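Peer 1: Okay, here's the structure, questions in a sec.
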Amino acid sequence: MKQLKIALVLLLIGGVLTTVAFFMAFFTAEVQRFGTVKLDEPVTYQNEAGETITSAFPFQIVTQETTAAPSAEASGAASVDTTGTASAETTVAAPQFEYGKPWFSQKIFYFHVPVAEASFLVLLLSAYFGIRFLTTRRKEYDTKSRIAMETALVFVVLTMITGVLWTKASWNQWWDWEPRLTTYFIMMLLMVAYFVLRNSSEDEERRAVYAGAFAVIAAIDAPISFFITRLLPSNHPVVFKSGMATSNLLPFIVAQIGMLMIGYAIYVVRMHEERMRERLEVVKDALED
């Protein structure tokens, strides 16, 4: 009961922290670009409404820069007009159009990344308890592994939702089969298959053995999905690769702490519910006997 009270307090604090991070992300954090694209001329395309837009699809125009070559005076040469006044010859280069990613994708980042990290950690926790069950055959570890997998699935769904919103805002498409998205999607399918597998056998011990082994297999994909963007070419941004300003880092850390608290609280509350259900079943069987 004490652990449940702590979990409820952490759930409250985690909710407050994520709410604070939400307001910080939208009102105090800078719009930091992971990169820009410069073209010699703007790009014209048609949007979904059929309107002709002059921009670099799918980005928006941020600035238009005009560069000038050094003057003739600066290079030691000058032209003289008929009045005897020296005038510097300048050559203006073609304008450079700079395009930056929409600001909304930056705001989603502060929640998408913490939720994704929580999904990785809870999935690894499920694999840990799965290994403990396989080595000890104690039912409590199978229960803990299953509850952790349920919690991880909640965060995986949230990651997918925030991920497709980021993809739409940043790349103007709902999905892209780049390495990070592909490996994470595979991980989600493995987690769904975990619950399908648990219901495929009526033998309780055999079901637990299969589930424990499958939890380990699913967890192997977590580090692969995390490091894939650092090993293979990918359009997916890499956190901290270009550094973060203080106004960006603070809401990011606050959201991470809050999300981990929420994840732990969900796991503990769900475990408490499961134990209460098991006790009720024991009492029910005793009364029937």
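Naming scheme: A, B, ... for chains in displayed order of the structure tokens; residues 1 onward per chain; ligands 1 onward as shown.
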Excluding stretch 253-263 of chain A and its own-chain neighbours fewer than 5 positions away, which residues fall within 12 Å of it when counting only C-alpha atoms? Please give them as a ChimeraX atom specification.
Peer 2: /A:6-25,107-123,125,147-156,158-159,244,246-248,268-270
Peer 1: My list of candidates is A:Phe252, A:Leu181, A:Ser201, A:Lys144. Which is closest to A:Ile224 when distances are computed with only C-alpha atoms?
Peer 2: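 For A:Ile224, the nearest of the given residues is A:Leu181.
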Peer 1: Report the distance between atom CA of A:Ile228 and atom CA of A:Trp171 in Å, rounded to one decimal place.
Peer 2: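 Here the two named atoms are 19.4 Å from each other.
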Peer 1: Among the residues of stretch 97-275 of chain A, find those DSSP assigns to strand (DSSP E or B) from the backbone and print them as number ranges by chain.
Peer 2: A: 97-100
Peer 1: Go ahead and dump the residues you just picked, N, CA and C atoms, as a PDB file, in the first residue's frame.
Peer 2:
```pdb
ATOM      1  N   PHE A  97      18.097  31.302 -51.238  1.00  0.00           N
ATOM      2  CA  PHE A  97      16.857  31.148 -50.485  1.00  0.00           C
ATOM      3  C   PHE A  97      17.062  30.089 -49.409  1.00  0.00           C
ATOM      4  N   GLU A  98      16.868  30.492 -48.174  1.00  0.00           N
ATOM      5  CA  GLU A  98      17.113  29.601 -47.036  1.00  0.00           C
ATOM      6  C   GLU A  98      15.780  29.103 -46.489  1.00  0.00           C
ATOM      7  N   TYR A  99      15.702  27.810 -46.258  1.00  0.00           N
ATOM      8  CA  TYR A  99      14.471  27.191 -45.803  1.00  0.00           C
ATOM      9  C   TYR A  99      14.706  26.488 -44.471  1.00  0.00           C
ATOM     10  N   GLY A 100      13.786  26.694 -43.538  1.00  0.00           N
ATOM     11  CA  GLY A 100      13.884  26.055 -42.229  1.00  0.00           C
ATOM     12  C   GLY A 100      12.644  25.245 -41.929  1.00  0.00           C
TER      13      GLY A 100
END
```
Peer 1: Which stretch 172-271 of chain A residues have any atom within 9 Å of an atom of stretch 136-141 of chain A, and for each, what is the nearest pair of atoms with distance in Å to one decimal, counting only C-alpha atoms, rows sorted by chain and number, as CSV?
Peer 2:
```
residue,atom,partner,partner_atom,distance
A:Glu205,CA,A:Arg137,CA,8.3
A:Ala208,CA,A:Lys139,CA,8.2
A:Val209,CA,A:Arg137,CA,8.3
```
